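Participant: There's a structure below that I have some questions on.
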Number of protein chains: 4
Amino acid sequence: MHEKKSANAILLLSCQDQKGLVYNIANFIYRHNGNIVHAAQHTSMTRKIFFMRIEWELDGFVIPREEIGLVFKHVASQFQMTWDLHFTDAVPRLAIFASHHPHCLYDLLLRRQMGEFKADIPLVISNHPDVQPLVEKFGIKFLHFPITSENKGEQEERELKALRDEKIDLVVLARYMQVLTGGFISEYPNRIINIHHSFLPAFAGPRPYQQAYDRGVKIIGATSHYVTEQLDDGPIIAQDVIKITHRDSMDDIKLKSRDLERVVLAKAVRLHLENRILTYGSKTVVFE
Amino acid sequence: MHEKKSANAILLLSCQDQKGLVYNIANFIYRHNGNIVHAAQHTSMTRKIFFMRIEWELDGFVIPREEIGLVFKHVASQFQMTWDLHFTDAVPRLAIFASHHPHCLYDLLLRRQMGEFKADIPLVISNHPDVQPLVEKFGIKFLHFPITSENKGEQEERELKALRDEKIDLVVLARYMQVLTGGFISEYPNRIINIHHSFLPAFAGPRPYQQAYDRGVKIIGATSHYVTEQLDDGPIIAQDVIKITHRDSMDDIKLKSRDLERVVLAKAVRLHLENRILTYGSKTVVFE
Amino acid sequence: MHEKKSANAILLLSCQDQKGLVYNIANFIYRHNGNIVHAAQHTSMTRKIFFMRIEWELDGFVIPREEIGLVFKHVASQFQMTWDLHFTDAVPRLAIFASHHPHCLYDLLLRRQMGEFKADIPLVISNHPDVQPLVEKFGIKFLHFPITSENKGEQEERELKALRDEKIDLVVLARYMQVLTGGFISEYPNRIINIHHSFLPAFAGPRPYQQAYDRGVKIIGATSHYVTEQLDDGPIIAQDVIKITHRDSMDDIKLKSRDLERVVLAKAVRLHLENRILTYGSKTVVFE
Amino acid sequence: MHEKKSANAILLLSCQDQKGLVYNIANFIYRHNGNIVHAAQHTSMTRKIFFMRIEWELDGFVIPREEIGLVFKHVASQFQMTWDLHFTDAVPRLAIFASHHPHCLYDLLLRRQMGEFKADIPLVISNHPDVQPLVEKFGIKFLHFPITSENKGEQEERELKALRDEKIDLVVLARYMQVLTGGFISEYPNRIINIHHSFLPAFAGPRPYQQAYDRGVKIIGATSHYVTEQLDDGPIIAQDVIKITHRDSMDDIKLKSRDLERVVLAKAVRLHLENRILTYGSKTVVFE
């Protein structure tokens, strides 16, 4: 992060590892008079896949921003790249889903307000009405969609419509206690971030605090990940842990875990918004 | 830990929580002119069990050390306590079991040599001969018991005989890659400590490095625990973790994990040798 | 932390180490039919000082709560104890001082609202007006006292009057950027908690982020401590750290540090409110 | 880290940030048929300096390894780069300096033996004879140079001669308790690594354990850094910390710190041996 006069372009790309990749990408930027301000790459040695994030200044770059993709696709197709192009002055639109436990929701709203990340948050959705007053205090629209096993399909349709109406780019499940259907998830591939209150894969499922307490672990954790159809099994973006002892009751565990959940979820959201994450299989490459 | 002129007595006890426990224990020590140097207690609120570790100076205590148990058992029976009495000048005898990976074995031998814990290590047992030269350099007896599915019972009998011959108090599995039978374990209840190379309960079983790598976790861990019949499921004594990234290969993971394993196993051994651990069910109370 | 039917009493005490301390304190509780629910003690071996925190149920205790001190002082005087008596159903009154950076202030307000600690927060004081709207959204009185080198004495008098009017028990400096005078501090000994944005004693003074960046440290930290006349030198209550790399700009450092500051300050406030801290010299004993 | 069939070349370079750097370096490798296996770069935004580490396979590269420097210097001079060229099959020669506390020395010797890093250790130097037997058990030459204020100059001359005779590439001060003179240091710029037993810049100087204990910090640390003329002030390579409490005596602090020192020093040595460190001013860029 640093002060910028104008906007930058960011390319996120991956492809089969092969000779000439860095050269050709750098050449694309250099020959159009671009100044690289950040570049990171990674090669998965086991799978021979090349990943890159490269960021350069639009100021002075001879291709206008709306044509960069048109020109770059010729480089990309030569190497059969999967790629995305982003601009640092874009302001993504984020919807937060919450349930009873508001700590992650509040945390995101305050961070947004303090300028810790650049995004609009036009919409909060919950299956419970509890947080409505606070959400509306922030001037944000609140929608209440109670979920039962009978109405889940319909309600998800309404939620999806609300997301489309608000042109939402990223959905954040801030301790949202409902499982989303595969149909919903497929509308936002790698664009739904969840926070799970354990160090996955330990204690997947609905009662991780209790399981951690019962097992007598000496460390508890929190995990943020992209949501996939397989519950609590999507690509992990960030994890953190804190030590506990026999003196920690269930209430103490909850209290300590909440601090983890806030920080780990906020970190994942920021990494996504800054276009620092690539996924492959069940794994992520995170260019911090 | 602090300098002591003479030895101290340590009581480790647990019982149903009830009024008068601390008073009666403190009274037992005070009325026999004991000076308490350390006391810690814990009450499991969910199970209503009281746990205590209390340490006092033998110097000035009017009951001779060999009769303390005889006198205390009258206090203990009044409250149906489970209890153990230890003395700080005792030197426990420790046997280490190892296989191919010597880092935890070497670490324990060096810590012992540098005086980091007080124990004799008269015996190292392995199912492979690799570490014999180094073990013998430290002047320690090495026994080689190759294990197959056919000879496991017999070999364990020989191992148990060797442990008895050497009057072993504590068995440490320092990355020993064999599963012990229930018969063996029952000879040393809560006196066999294992190091597992994951943050249990995640990645139990034989291939935790590979599983952690494949799952794409951002944190790896190590867990020391007492061995019970259920594999990798005994009471956890200590855990620690370290962060990893997509850049960490399997070799990097191994390297980072080894540092954890060394420290976490050494910590568990030290806590046990200092009589700081009580167990209940699958959990421990650790009075650090 | 655990569910309680009725209130408990808590004694925090310290005195010269000597025989019979635990016995006499336990006896005081036991002979008046008290049930101890938590007890922890510590002896500073270098200074031969004994510290204790002991908590017992008022339910069934035969001394009424308003007379407990009158009775206990006879035990206390026998051993020349320094002691405090608290009750778990008391609701301490807390004032927060803030300046420009609101993250710690907001964090405390939200934790209070979510019930993470039990305290009233009737008053926020700042030398800048920025946070007034948000503070008042929480229904809390906001007082603005701009400070210059000329008016500092007068303004502190006004602040002290406001604290007295509101019967404040604890003052929390939530990134308050003014140095308090000795006169102010002496009114609230060990009852003013500050958060400093470095791992003290490294980077004391006003510019710790910049100093950490310039020195090229690989770890940054935050420290909560009681305020004494010596700047950034009071007894440390809690510290935490996070790793950084050469890639972290000043902005990244600020962002990471803020998460630390929030958690470390909240932890110190909670420990104080739960009467878990004793001080001696420049050090604390924290019975977590 | 990953299995390699043949050796790789590594360029470490820095220069004023400017357009075309990545392009020209990638072009140099690509047009000579090199396959990049790892590349990382960093731009110091405050100082406008560009840093890069780039590694490619020698297998297939059309310039023979002994001529790579001759060819690359024309690219380098165009951008006024500072640069170093290394090969992954080189085996650096390392000398360890020790005093009374052998834990870091032993740790390095065992890691070397277990293959955790690739280096020869032909020489251990100490101002005390204590560790001689153990060092010689590893088949390593031990030289004893007692240091007094009178003989320091002469002894350093002898040490330097021993280092030259053994063609030493890297000097590791493994808790060596002597301050080296500027003359000595200037012979091995950025090639002497020290471990300091505190989280620098806190507690520089000779008694960090005692200072940490006296100050009552809740966290202790260890710092590895390159040695410069200014004591404990050289560029920091790695740091780590561990939490302590009021219960930790000086002996506990020493014990916990030693584990940190071992791991932090070993990490710094490994990073240096893998050519992952660049320095500028008092700071490092570490491409992990």
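In the structure tokens, each chain is lettered A, B, ... as it comes, each chain's residues begin at 1, and ligands are numbered from 1 in order of appearance.
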For C:Gln18, find every residue with an atom within 9 Å (counting only C-alpha atoms), except residues of its own chain fewer than 2 positions away, and show them as an MDAnalysis selection string.

Facilitator: (chainID B and resid 35:36) or (chainID C and resid 15:16 20:21 48:50 79)

Participant: Would you kindly report the residues of chain B within 10 Å of chain D, using only C-alpha atoms, as a PDB file with N, CA and C atoms, in the first residue's frame?

Facilitator:
ATOM      1  N   MET B   1      10.510 -22.000  38.310  1.00  0.00           N
ATOM      2  CA  MET B   1      11.840 -22.552  38.556  1.00  0.00           C
ATOM      3  C   MET B   1      12.689 -21.546  39.333  1.00  0.00           C
ATOM      4  N   HIS B   2      13.349 -21.986  40.366  1.00  0.00           N
ATOM      5  CA  HIS B   2      14.179 -21.070  41.150  1.00  0.00           C
ATOM      6  C   HIS B   2      15.135 -21.918  41.972  1.00  0.00           C
ATOM      7  N   GLU B   3      16.160 -21.284  42.465  1.00  0.00           N
ATOM      8  CA  GLU B   3      17.153 -22.014  43.262  1.00  0.00           C
ATOM      9  C   GLU B   3      16.547 -22.496  44.576  1.00  0.00           C
ATOM     10  N   HIS B 101      13.512 -40.457  11.911  1.00  0.00           N
ATOM     11  CA  HIS B 101      13.710 -39.010  11.998  1.00  0.00           C
ATOM     12  C   HIS B 101      14.288 -38.644  13.354  1.00  0.00           C
ATOM     13  N   PRO B 102      15.549 -38.259  13.416  1.00  0.00           N
ATOM     14  CA  PRO B 102      16.200 -38.143  14.717  1.00  0.00           C
ATOM     15  C   PRO B 102      16.071 -36.794  15.397  1.00  0.00           C
ATOM     16  N   HIS B 103      15.399 -35.791  14.798  1.00  0.00           N
ATOM     17  CA  HIS B 103      15.509 -34.430  15.350  1.00  0.00           C
ATOM     18  C   HIS B 103      14.987 -34.323  16.775  1.00  0.00           C
ATOM     19  N   TYR B 106      17.581 -36.201  19.177  1.00  0.00           N
ATOM     20  CA  TYR B 106      18.788 -35.401  19.415  1.00  0.00           C
ATOM     21  C   TYR B 106      18.478 -34.220  20.319  1.00  0.00           C
ATOM     22  N   ASP B 107      17.354 -33.608  20.063  1.00  0.00           N
ATOM     23  CA  ASP B 107      16.978 -32.433  20.836  1.00  0.00           C
ATOM     24  C   ASP B 107      16.864 -32.777  22.322  1.00  0.00           C
ATOM     25  N   LEU B 110      20.351 -33.408  23.846  1.00  0.00           N
ATOM     26  CA  LEU B 110      21.117 -32.177  24.073  1.00  0.00           C
ATOM     27  C   LEU B 110      20.543 -31.360  25.227  1.00  0.00           C
ATOM     28  N   ARG B 111      19.226 -31.296  25.305  1.00  0.00           N
ATOM     29  CA  ARG B 111      18.624 -30.552  26.423  1.00  0.00           C
ATOM     30  C   ARG B 111      19.006 -31.203  27.756  1.00  0.00           C
ATOM     31  N   MET B 114      22.519 -30.245  28.502  1.00  0.00           N
ATOM     32  CA  MET B 114      22.682 -28.838  28.907  1.00  0.00           C
ATOM     33  C   MET B 114      21.930 -28.535  30.209  1.00  0.00           C
ATOM     34  N   GLU B 116      18.674 -28.760  30.849  1.00  0.00           N
ATOM     35  CA  GLU B 116      17.375 -28.101  30.733  1.00  0.00           C
ATOM     36  C   GLU B 116      16.263 -28.847  31.464  1.00  0.00           C
ATOM     37  N   PHE B 117      16.454 -30.133  31.685  1.00  0.00           N
ATOM     38  CA  PHE B 117      15.533 -30.815  32.606  1.00  0.00           C
ATOM     39  C   PHE B 117      16.289 -31.898  33.357  1.00  0.00           C
ATOM     40  N   LEU B 134      25.059 -42.233  17.160  1.00  0.00           N
ATOM     41  CA  LEU B 134      24.930 -40.985  17.891  1.00  0.00           C
ATOM     42  C   LEU B 134      24.485 -41.219  19.334  1.00  0.00           C
ATOM     43  N   LYS B 137      27.325 -42.286  21.372  1.00  0.00           N
ATOM     44  CA  LYS B 137      28.241 -41.186  21.637  1.00  0.00           C
ATOM     45  C   LYS B 137      27.865 -40.465  22.938  1.00  0.00           C
ATOM     46  N   ARG B 247       4.023 -20.532  -0.896  1.00  0.00           N
ATOM     47  CA  ARG B 247       5.408 -20.735  -1.330  1.00  0.00           C
ATOM     48  C   ARG B 247       6.081 -21.915  -0.641  1.00  0.00           C
ATOM     49  N   ASP B 248       5.512 -22.386   0.470  1.00  0.00           N
ATOM     50  CA  ASP B 248       6.158 -23.470   1.207  1.00  0.00           C
ATOM     51  C   ASP B 248       5.908 -24.812   0.540  1.00  0.00           C
ATOM     52  N   SER B 249       6.974 -25.440   0.085  1.00  0.00           N
ATOM     53  CA  SER B 249       6.897 -26.778  -0.490  1.00  0.00           C
ATOM     54  C   SER B 249       6.777 -27.798   0.644  1.00  0.00           C
ATOM     55  N   MET B 250       6.612 -29.064   0.277  1.00  0.00           N
ATOM     56  CA  MET B 250       6.609 -30.133   1.278  1.00  0.00           C
ATOM     57  C   MET B 250       7.888 -30.095   2.113  1.00  0.00           C
ATOM     58  N   ASP B 251       9.030 -29.850   1.478  1.00  0.00           N
ATOM     59  CA  ASP B 251      10.290 -29.810   2.222  1.00  0.00           C
ATOM     60  C   ASP B 251      10.313 -28.660   3.220  1.00  0.00           C
ATOM     61  N   ASP B 252       9.784 -27.510   2.804  1.00  0.00           N
ATOM     62  CA  ASP B 252       9.717 -26.363   3.727  1.00  0.00           C
ATOM     63  C   ASP B 252       8.822 -26.679   4.915  1.00  0.00           C
ATOM     64  N   ILE B 253       7.699 -27.336   4.618  1.00  0.00           N
ATOM     65  CA  ILE B 253       6.762 -27.690   5.683  1.00  0.00           C
ATOM     66  C   ILE B 253       7.444 -28.617   6.688  1.00  0.00           C
ATOM     67  N   LYS B 254       8.167 -29.599   6.179  1.00  0.00           N
ATOM     68  CA  LYS B 254       8.881 -30.519   7.076  1.00  0.00           C
ATOM     69  C   LYS B 254       9.863 -29.766   7.967  1.00  0.00           C
ATOM     70  N   LEU B 255      10.601 -28.862   7.347  1.00  0.00           N
ATOM     71  CA  LEU B 255      11.636 -28.118   8.073  1.00  0.00           C
ATOM     72  C   LEU B 255      11.003 -27.274   9.177  1.00  0.00           C
ATOM     73  N   LYS B 256       9.936 -26.560   8.828  1.00  0.00           N
ATOM     74  CA  LYS B 256       9.287 -25.717   9.827  1.00  0.00           C
ATOM     75  C   LYS B 256       8.652 -26.563  10.924  1.00  0.00           C
ATOM     76  N   ASP B 259      10.972 -27.871  13.797  1.00  0.00           N
ATOM     77  CA  ASP B 259      11.259 -26.929  14.888  1.00  0.00           C
ATOM     78  C   ASP B 259      10.126 -26.926  15.903  1.00  0.00           C
ATOM     79  N   LEU B 260       8.901 -26.986  15.403  1.00  0.00           N
ATOM     80  CA  LEU B 260       7.756 -27.072  16.313  1.00  0.00           C
ATOM     81  C   LEU B 260       7.808 -28.350  17.134  1.00  0.00           C
ATOM     82  N   ARG B 262      10.216 -30.354  17.998  1.00  0.00           N
ATOM     83  CA  ARG B 262      11.252 -30.327  19.034  1.00  0.00           C
ATOM     84  C   ARG B 262      10.780 -29.574  20.267  1.00  0.00           C
ATOM     85  N   VAL B 263      10.289 -28.356  20.042  1.00  0.00           N
ATOM     86  CA  VAL B 263       9.940 -27.476  21.156  1.00  0.00           C
ATOM     87  C   VAL B 263       8.713 -28.003  21.905  1.00  0.00           C
ATOM     88  N   LYS B 267       8.696 -29.401  25.716  1.00  0.00           N
ATOM     89  CA  LYS B 267       7.846 -28.737  26.701  1.00  0.00           C
ATOM     90  C   LYS B 267       6.999 -29.758  27.469  1.00  0.00           C
ATOM     91  N   GLU B 288       1.277 -24.562  34.692  1.00  0.00           N
ATOM     92  CA  GLU B 288       2.590 -24.041  34.277  1.00  0.00           C
ATOM     93  C   GLU B 288       3.149 -23.102  35.323  1.00  0.00           C
TER      94      GLU B 288
END

Participant: Closest to D:Lys218 among C:Ala204, C:Val71, C:Ile193, C:Val286, using only C-alpha atoms?

Facilitator: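 Of C:Ala204, C:Val71, C:Ile193, C:Val286, the one nearest D:Lys218 is C:Val286, counting only C-alpha atoms.
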
Participant: Report as number ranges by chain: the residues of stretch 49-230 of chain C with a DSSP assignment of strand (DSSP E or B), based on the backbone of this structure.

Facilitator: C: 49-57, 82-87, 93-98, 120-126, 141-144, 170-173, 192-196, 219-226

Participant: Grab the residues selected above and save them as a JSON list (two decimals), in the first residue's frame with C-alpha atoms.

Facilitator:
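Contents of out.json, freshly written:
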[["chain", "number", "residue", "atom", "x", "y", "z"],
["C", 49, "ILE", "CA", 6.40, -11.05, 48.14],
["C", 50, "PHE", "CA", 3.24, -13.14, 48.20],
["C", 51, "PHE", "CA", 0.32, -12.26, 45.87],
["C", 52, "MET", "CA", -3.13, -13.78, 45.88],
["C", 53, "ARG", "CA", -6.49, -13.51, 44.17],
["C", 54, "ILE", "CA", -9.24, -15.53, 45.81],
["C", 55, "GLU", "CA", -12.89, -15.59, 44.82],
["C", 56, "TRP", "CA", -15.74, -17.20, 46.76],
["C", 57, "GLU", "CA", -19.53, -17.32, 46.64],
["C", 82, "THR", "CA", -2.18, -4.74, 51.26],
["C", 83, "TRP", "CA", -5.63, -5.76, 50.07],
["C", 84, "ASP", "CA", -8.75, -4.85, 48.10],
["C", 85, "LEU", "CA", -12.20, -6.36, 48.24],
["C", 86, "HIS", "CA", -14.45, -6.50, 45.19],
["C", 87, "PHE", "CA", -17.83, -8.00, 44.29],
["C", 93, "ARG", "CA", -17.78, 3.18, 35.61],
["C", 94, "LEU", "CA", -15.35, 3.83, 32.83],
["C", 95, "ALA", "CA", -14.31, 6.99, 30.99],
["C", 96, "ILE", "CA", -12.52, 6.80, 27.66],
["C", 97, "PHE", "CA", -10.10, 9.47, 26.44],
["C", 98, "ALA", "CA", -9.55, 9.64, 22.69],
["C", 120, "ASP", "CA", -20.86, 1.45, 32.34],
["C", 121, "ILE", "CA", -19.29, 3.94, 29.94],
["C", 122, "PRO", "CA", -20.99, 7.25, 30.79],
["C", 123, "LEU", "CA", -18.29, 9.55, 29.39],
["C", 124, "VAL", "CA", -15.90, 10.02, 26.48],
["C", 125, "ILE", "CA", -13.41, 12.89, 26.55],
["C", 126, "SER", "CA", -11.34, 14.07, 23.60],
["C", 141, "LYS", "CA", -21.88, 11.97, 26.87],
["C", 142, "PHE", "CA", -19.02, 13.53, 24.88],
["C", 143, "LEU", "CA", -16.83, 16.30, 26.28],
["C", 144, "HIS", "CA", -14.40, 18.23, 24.15],
["C", 170, "LEU", "CA", -11.27, 3.59, 35.52],
["C", 171, "VAL", "CA", -9.84, 5.90, 32.86],
["C", 172, "VAL", "CA", -8.89, 4.33, 29.53],
["C", 173, "LEU", "CA", -6.61, 6.21, 27.15],
["C", 192, "ILE", "CA", -5.50, 4.79, 34.16],
["C", 193, "ILE", "CA", -4.80, 2.29, 31.36],
["C", 194, "ASN", "CA", -2.97, 3.34, 28.20],
["C", 195, "ILE", "CA", -2.34, 1.57, 24.90],
["C", 196, "HIS", "CA", 1.04, 2.23, 23.32],
["C", 219, "ILE", "CA", 7.87, -7.80, 14.31],
["C", 220, "ILE", "CA", 5.70, -4.95, 15.55],
["C", 221, "GLY", "CA", 3.74, -4.87, 18.80],
["C", 222, "ALA", "CA", 1.34, -3.11, 21.11],
["C", 223, "THR", "CA", 1.50, -2.67, 24.88],
["C", 224, "SER", "CA", -1.18, -1.83, 27.43],
["C", 225, "HIS", "CA", 0.03, -0.49, 30.76],
["C", 226, "TYR", "CA", -0.97, 1.52, 33.78]]

Participant: Check the DSSP output for the backbone and give back, as a list in words, the residues of stretch 121-196 of chain A in alpha helix (DSSP H).

Facilitator: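 Residues meeting the alpha helix (DSSP H) criterion: Gln132, Pro133, Leu134, Val135, Glu136, Lys137, Lys152, Gly153, Glu154, Gln155, Glu156, Glu157, Arg158, Glu159, Leu160, Lys161, Ala162, Leu163, Arg164, Asp165, Gly182, Gly183, Phe184, Ile185, Ser186 and Glu187 of chain A.
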